[in-house]
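Trainee: Got a structure here, written out as structure tokens. Questions coming.
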Amino acid sequence: ALVSALAYGGARGIWAHGNLPAARALGQATGWSFGRILYKLGRPVAAGDALSPPLPAGYRLRGFRPGDESSWLAVNGRAFARHPEQGAVTRADLDRLLAQDWFDPEGLLLLIEEGTGEVVGSHWTKVDPAERGPGPDGIPVPAGEVYVVALDPRVHGRGLAGPLTQAGIAHLARRGLGSVVLYVDADNEPALRTYQRVGFTELEAHAQYQRDPGAP
């Protein structure tokens, strides 16, 4: 009844959290098909994670400061130009996020190009007291989140993605968290490779279904 009401109301997409067999069967029976898969990945904090990795020469990291809003939005927009949600973040959206209780300016790491002084990337971490992830023994423990990692396309291929990812993990490790989680689209293969290289594995898969054309 809920799926029918959504279709009647004009919904173009619905999420099935967990992507369970019953959800897939319901989608097939009611005229909805896969449109997008979102993975939740996680890994325990390991010995040595609290040490920030070296960056390639010519780059440095610093925390977010008032006045960085436009630079962050510009880089984030270019990095996620084709993303249905992250690529559409506005200044009003950003201001709402910066006002959240969980926001920590030191946890929003900005990647600075020394030669130009420009922001060319960022790693925004998030600590939600309710978040849990796998600890070293597999038992859920308090976790931090790799919230958004953005890298300007013009600096792709310079060996920055890995160290930028690790720098955010180091920040979370120094806060005493035992696990790190993140969300990534299944078709974002470069990001998946980066996360898998530093030990992330799949915890959950969520599916977005789209209404089939001509479905009753």
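Scheme for the structure tokens: letters A, B, ... for chains in order shown; per-chain residue numbers from 1; ligand numbers from 1 in order shown.
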Select from segment 113-162 of chain A every residue with an atom at most 7 Å from any atom of segment 88-108 of chain A, then for each give the shortest pair of atoms and their distance in Å to one decimal, using only C-alpha atoms, rows by chain and rising number, as a Markdown table.
Mentor:
```
| residue | atom | partner | partner_atom | distance |
| --- | --- | --- | --- | --- |
| A:Ser122 | CA | A:Leu108 | CA | 7.0 |
| A:His123 | CA | A:Leu108 | CA | 5.9 |
| A:Trp124 | CA | A:Leu108 | CA | 4.2 |
| A:Thr125 | CA | A:Gly107 | CA | 5.3 |
| A:Lys126 | CA | A:Trp102 | CA | 6.7 |
| A:Val127 | CA | A:Trp102 | CA | 6.2 |
| A:Asp128 | CA | A:Trp102 | CA | 6.5 |
```
Trainee: Based on the selection just made, write all heavy atoms of those residues as a PDB file, in the first residue's frame.
Mentor:
```pdb
ATOM      1  N   SER A 122      39.118  18.441  -0.115  1.00  0.00           N
ATOM      2  CA  SER A 122      38.721  18.474   1.289  1.00  0.00           C
ATOM      3  C   SER A 122      38.344  17.079   1.750  1.00  0.00           C
ATOM      4  O   SER A 122      37.982  16.210   0.945  1.00  0.00           O
ATOM      5  CB  SER A 122      37.542  19.427   1.510  1.00  0.00           C
ATOM      6  OG  SER A 122      36.355  18.908   0.939  1.00  0.00           O
ATOM      7  N   HIS A 123      38.467  16.875   3.048  1.00  0.00           N
ATOM      8  CA  HIS A 123      37.981  15.646   3.679  1.00  0.00           C
ATOM      9  C   HIS A 123      37.194  16.082   4.897  1.00  0.00           C
ATOM     10  O   HIS A 123      37.751  16.528   5.895  1.00  0.00           O
ATOM     11  CB  HIS A 123      39.140  14.734   4.098  1.00  0.00           C
ATOM     12  CG  HIS A 123      38.683  13.402   4.625  1.00  0.00           C
ATOM     13  ND1 HIS A 123      39.480  12.280   4.574  1.00  0.00           N
ATOM     14  CD2 HIS A 123      37.519  13.002   5.204  1.00  0.00           C
ATOM     15  CE1 HIS A 123      38.822  11.265   5.115  1.00  0.00           C
ATOM     16  NE2 HIS A 123      37.632  11.694   5.509  1.00  0.00           N
ATOM     17  N   TRP A 124      35.878  15.933   4.789  1.00  0.00           N
ATOM     18  CA  TRP A 124      34.970  16.333   5.864  1.00  0.00           C
ATOM     19  C   TRP A 124      34.634  15.092   6.678  1.00  0.00           C
ATOM     20  O   TRP A 124      34.056  14.129   6.163  1.00  0.00           O
ATOM     21  CB  TRP A 124      33.704  16.920   5.260  1.00  0.00           C
ATOM     22  CG  TRP A 124      32.849  17.695   6.215  1.00  0.00           C
ATOM     23  CD1 TRP A 124      32.839  17.609   7.579  1.00  0.00           C
ATOM     24  CD2 TRP A 124      31.862  18.672   5.880  1.00  0.00           C
ATOM     25  NE1 TRP A 124      31.916  18.478   8.120  1.00  0.00           N
ATOM     26  CE2 TRP A 124      31.312  19.141   7.093  1.00  0.00           C
ATOM     27  CE3 TRP A 124      31.393  19.206   4.679  1.00  0.00           C
ATOM     28  CZ2 TRP A 124      30.314  20.110   7.133  1.00  0.00           C
ATOM     29  CZ3 TRP A 124      30.393  20.158   4.722  1.00  0.00           C
ATOM     30  CH2 TRP A 124      29.861  20.618   5.928  1.00  0.00           C
ATOM     31  N   THR A 125      35.014  15.093   7.950  1.00  0.00           N
ATOM     32  CA  THR A 125      34.694  13.988   8.839  1.00  0.00           C
ATOM     33  C   THR A 125      33.491  14.351   9.702  1.00  0.00           C
ATOM     34  O   THR A 125      33.189  15.530   9.899  1.00  0.00           O
ATOM     35  CB  THR A 125      35.884  13.628   9.740  1.00  0.00           C
ATOM     36  OG1 THR A 125      36.169  14.737  10.612  1.00  0.00           O
ATOM     37  CG2 THR A 125      37.119  13.307   8.905  1.00  0.00           C
ATOM     38  N   LYS A 126      32.848  13.325  10.213  1.00  0.00           N
ATOM     39  CA  LYS A 126      31.640  13.539  11.017  1.00  0.00           C
ATOM     40  C   LYS A 126      31.646  12.557  12.185  1.00  0.00           C
ATOM     41  O   LYS A 126      31.975  11.378  12.004  1.00  0.00           O
ATOM     42  CB  LYS A 126      30.395  13.325  10.156  1.00  0.00           C
ATOM     43  CG  LYS A 126      29.063  13.428  10.878  1.00  0.00           C
ATOM     44  CD  LYS A 126      27.909  13.169   9.908  1.00  0.00           C
ATOM     45  CE  LYS A 126      26.555  13.226  10.599  1.00  0.00           C
ATOM     46  NZ  LYS A 126      25.441  12.967   9.651  1.00  0.00           N
ATOM     47  N   VAL A 127      31.286  13.041  13.365  1.00  0.00           N
ATOM     48  CA  VAL A 127      31.172  12.169  14.533  1.00  0.00           C
ATOM     49  C   VAL A 127      29.756  12.288  15.077  1.00  0.00           C
ATOM     50  O   VAL A 127      29.382  13.308  15.659  1.00  0.00           O
ATOM     51  CB  VAL A 127      32.195  12.519  15.621  1.00  0.00           C
ATOM     52  CG1 VAL A 127      32.020  11.588  16.824  1.00  0.00           C
ATOM     53  CG2 VAL A 127      33.620  12.415  15.075  1.00  0.00           C
ATOM     54  N   ASP A 128      28.967  11.246  14.854  1.00  0.00           N
ATOM     55  CA  ASP A 128      27.605  11.133  15.385  1.00  0.00           C
ATOM     56  C   ASP A 128      27.676  10.182  16.575  1.00  0.00           C
ATOM     57  O   ASP A 128      28.097   9.025  16.420  1.00  0.00           O
ATOM     58  CB  ASP A 128      26.682  10.582  14.302  1.00  0.00           C
ATOM     59  CG  ASP A 128      25.243  10.422  14.763  1.00  0.00           C
ATOM     60  OD1 ASP A 128      24.996  10.436  15.986  1.00  0.00           O
ATOM     61  OD2 ASP A 128      24.367  10.274  13.896  1.00  0.00           O
TER      62      ASP A 128
END
```
Trainee: Any idea what's packed within 10 Å of segment 208-212 of chain A, counting only C-alpha atoms, ignoring anything in its chain fewer than 2 positions away? Could you give it as a ChimeraX atom specification?
Mentor: /A:7,10-17,19,23-24,27-28,30-38,206,214-216
Trainee: When you draw a straight line from atom CA of Asp187 of chain A to atom CA of Gly168 of chain A, how long is it in Å?
Mentor: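 One can read the atom CA of Asp187 of chain A to atom CA of Gly168 of chain A distance as 22.7 Å.
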Trainee: Residues within 9 Å of segment 75-82 of chain A, please, as an MDAnalysis selection string. Count only C-alpha atoms; anything in the same chain fewer than 6 positions from it doesn't count.
Mentor: chainID A and resid 88:89 119:122 148:153
Trainee: Mind dumping the selected residues with C-alpha atoms as a compact mmCIF listing (two decimals), in the first residue's frame?
Mentor:
```txt
# COMPACT_ATOMS: atom_id res chain seq x y z
CA ALA A 88 23.77 20.10 -5.85
CA VAL A 89 24.86 21.45 -2.43
CA VAL A 119 41.61 24.92 -1.98
CA VAL A 120 41.83 21.89 -4.27
CA GLY A 121 40.27 19.24 -2.06
CA SER A 122 38.72 18.47 1.29
CA VAL A 148 32.64 13.81 2.14
CA VAL A 149 35.98 13.50 0.34
CA ALA A 150 36.26 15.91 -2.59
CA LEU A 151 39.18 16.41 -4.96
CA ASP A 152 39.24 18.98 -7.75
CA PRO A 153 39.38 17.11 -11.10
```
Trainee: Suppose you want the space between atom CA of Pro163 of chain A and atom CA of Phe200 of chain A; what is it in Å?
Mentor: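 Atom CA of Phe200 of chain A lies at a distance of 14.9 Å from atom CA of Pro163 of chain A.
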Trainee: Could you give me, as a PDB file with N, CA and C atoms, in the first residue's frame, the residues within 6 Å of Leu182 of chain A, counting only C-alpha atoms and dropping anything in the same chain fewer than 4 positions from it?
Mentor:
```pdb
ATOM      1  N   LYS A  40      27.488   1.025   2.289  1.00  0.00           N
ATOM      2  CA  LYS A  40      28.077   1.504   3.538  1.00  0.00           C
ATOM      3  C   LYS A  40      29.289   0.622   3.800  1.00  0.00           C
ATOM      4  N   LEU A  41      30.457   1.248   3.887  1.00  0.00           N
ATOM      5  CA  LEU A  41      31.702   0.533   4.145  1.00  0.00           C
ATOM      6  C   LEU A  41      32.194   0.874   5.543  1.00  0.00           C
ATOM      7  N   GLU A 145      32.754   9.045  10.826  1.00  0.00           N
ATOM      8  CA  GLU A 145      32.368   8.878   9.415  1.00  0.00           C
ATOM      9  C   GLU A 145      33.243   9.707   8.488  1.00  0.00           C
ATOM     10  N   VAL A 146      33.674   9.073   7.416  1.00  0.00           N
ATOM     11  CA  VAL A 146      34.227   9.799   6.279  1.00  0.00           C
ATOM     12  C   VAL A 146      33.015  10.382   5.556  1.00  0.00           C
TER      13      VAL A 146
END
```
Trainee: Set the distance at 12 Å and use only C-alpha atoms: which residues neighbour Ala173 of chain A once local chain neighbours fewer than 2 positions away are removed? I'd like the list as JSON, numbers by chain.
Mentor: {"A": [43, 44, 45, 46, 47, 48, 49, 50, 51, 52, 107, 125, 127, 142, 143, 144, 145, 146, 166, 167, 168, 169, 170, 171, 175, 176, 177, 178, 179, 180]}
Trainee: If we count only C-alpha atoms, what is near segment 111-116 of chain A at a cut-off of 7 Å, once residues fewer than 5 positions away on the same chain are taken out, given as an NGL selection string?
Mentor: :A and (58-62 or 121-122)
Trainee: How would the residues just chosen look if you wrote them out with all heavy atoms as a PDB file, in the first residue's frame?
Mentor:
```
ATOM      1  N   GLY A  58      54.194  20.236  -2.345  1.00  0.00           N
ATOM      2  CA  GLY A  58      53.398  21.326  -2.890  1.00  0.00           C
ATOM      3  C   GLY A  58      51.990  21.415  -2.356  1.00  0.00           C
ATOM      4  O   GLY A  58      51.214  22.268  -2.805  1.00  0.00           O
ATOM      5  N   TYR A  59      51.649  20.554  -1.376  1.00  0.00           N
ATOM      6  CA  TYR A  59      50.293  20.553  -0.816  1.00  0.00           C
ATOM      7  C   TYR A  59      50.376  20.486   0.711  1.00  0.00           C
ATOM      8  O   TYR A  59      51.315  19.932   1.279  1.00  0.00           O
ATOM      9  CB  TYR A  59      49.479  19.368  -1.349  1.00  0.00           C
ATOM     10  CG  TYR A  59      49.298  19.413  -2.836  1.00  0.00           C
ATOM     11  CD1 TYR A  59      50.213  18.782  -3.680  1.00  0.00           C
ATOM     12  CD2 TYR A  59      48.238  20.106  -3.415  1.00  0.00           C
ATOM     13  CE1 TYR A  59      50.065  18.830  -5.056  1.00  0.00           C
ATOM     14  CE2 TYR A  59      48.088  20.160  -4.789  1.00  0.00           C
ATOM     15  CZ  TYR A  59      49.003  19.526  -5.607  1.00  0.00           C
ATOM     16  OH  TYR A  59      48.860  19.583  -6.961  1.00  0.00           O
ATOM     17  N   ARG A  60      49.358  21.056   1.349  1.00  0.00           N
ATOM     18  CA  ARG A  60      49.260  20.997   2.805  1.00  0.00           C
ATOM     19  C   ARG A  60      47.794  20.950   3.209  1.00  0.00           C
ATOM     20  O   ARG A  60      46.897  21.233   2.400  1.00  0.00           O
ATOM     21  CB  ARG A  60      49.937  22.217   3.450  1.00  0.00           C
ATOM     22  CG  ARG A  60      49.317  23.556   3.050  1.00  0.00           C
ATOM     23  CD  ARG A  60      50.069  24.723   3.692  1.00  0.00           C
ATOM     24  NE  ARG A  60      49.580  26.009   3.186  1.00  0.00           N
ATOM     25  CZ  ARG A  60      48.548  26.669   3.695  1.00  0.00           C
ATOM     26  NH1 ARG A  60      47.901  26.162   4.750  1.00  0.00           N
ATOM     27  NH2 ARG A  60      48.156  27.819   3.182  1.00  0.00           N
ATOM     28  N   LEU A  61      47.554  20.611   4.466  1.00  0.00           N
ATOM     29  CA  LEU A  61      46.201  20.528   5.001  1.00  0.00           C
ATOM     30  C   LEU A  61      46.029  21.529   6.137  1.00  0.00           C
ATOM     31  O   LEU A  61      46.959  21.809   6.880  1.00  0.00           O
ATOM     32  CB  LEU A  61      45.914  19.122   5.536  1.00  0.00           C
ATOM     33  CG  LEU A  61      45.712  18.009   4.517  1.00  0.00           C
ATOM     34  CD1 LEU A  61      45.728  16.663   5.219  1.00  0.00           C
ATOM     35  CD2 LEU A  61      44.412  18.192   3.755  1.00  0.00           C
ATOM     36  N   ARG A  62      44.815  22.024   6.260  1.00  0.00           N
ATOM     37  CA  ARG A  62      44.447  22.845   7.415  1.00  0.00           C
ATOM     38  C   ARG A  62      42.963  22.688   7.673  1.00  0.00           C
ATOM     39  O   ARG A  62      42.208  22.205   6.820  1.00  0.00           O
ATOM     40  CB  ARG A  62      44.807  24.319   7.199  1.00  0.00           C
ATOM     41  CG  ARG A  62      44.022  25.030   6.099  1.00  0.00           C
ATOM     42  CD  ARG A  62      44.232  26.542   6.203  1.00  0.00           C
ATOM     43  NE  ARG A  62      43.654  27.283   5.098  1.00  0.00           N
ATOM     44  CZ  ARG A  62      42.364  27.622   5.006  1.00  0.00           C
ATOM     45  NH1 ARG A  62      41.505  27.253   5.966  1.00  0.00           N
ATOM     46  NH2 ARG A  62      41.922  28.318   3.966  1.00  0.00           N
ATOM     47  N   GLY A 121      40.887  20.463  -2.554  1.00  0.00           N
ATOM     48  CA  GLY A 121      40.272  19.240  -2.061  1.00  0.00           C
ATOM     49  C   GLY A 121      39.874  19.402  -0.613  1.00  0.00           C
ATOM     50  O   GLY A 121      40.238  20.385   0.048  1.00  0.00           O
ATOM     51  N   SER A 122      39.118  18.441  -0.115  1.00  0.00           N
ATOM     52  CA  SER A 122      38.721  18.474   1.289  1.00  0.00           C
ATOM     53  C   SER A 122      38.344  17.079   1.750  1.00  0.00           C
ATOM     54  O   SER A 122      37.982  16.210   0.945  1.00  0.00           O
ATOM     55  CB  SER A 122      37.542  19.427   1.510  1.00  0.00           C
ATOM     56  OG  SER A 122      36.355  18.908   0.939  1.00  0.00           O
TER      57      SER A 122
END
```
Trainee: Return the single residue from A:Arg174, A:Glu202, A:Ala57, A:Leu73 that is closest to Arg158 of chain A, with distances computed using only C-alpha atoms.
Mentor: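 Looking only at the distances to Arg158 of chain A, the closest residue turns out to be A:Ala57.
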Trainee: Please run DSSP on the backbone and report, as a ChimeraX atom specification, all residues within segment 24-208 of chain A that come out as strand (DSSP E).
Mentor: /A:32-44,59-63,108-113,119-126,132-134,140-151,179-185,201-208
Trainee: Determine the nearest neighbour of Leu192 of chain A from the options A:Pro136, A:Gly63, A:Gly9, A:Gly42, counting only C-alpha atoms.
Mentor: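 The closest residue to Leu192 of chain A is A:Gly42.
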Trainee: Which one is closest to Tyr147 of chain A: A:Leu109, A:Glu204, A:Leu160, A:Phe64? Count only C-alpha atoms.
Mentor: A:Leu109
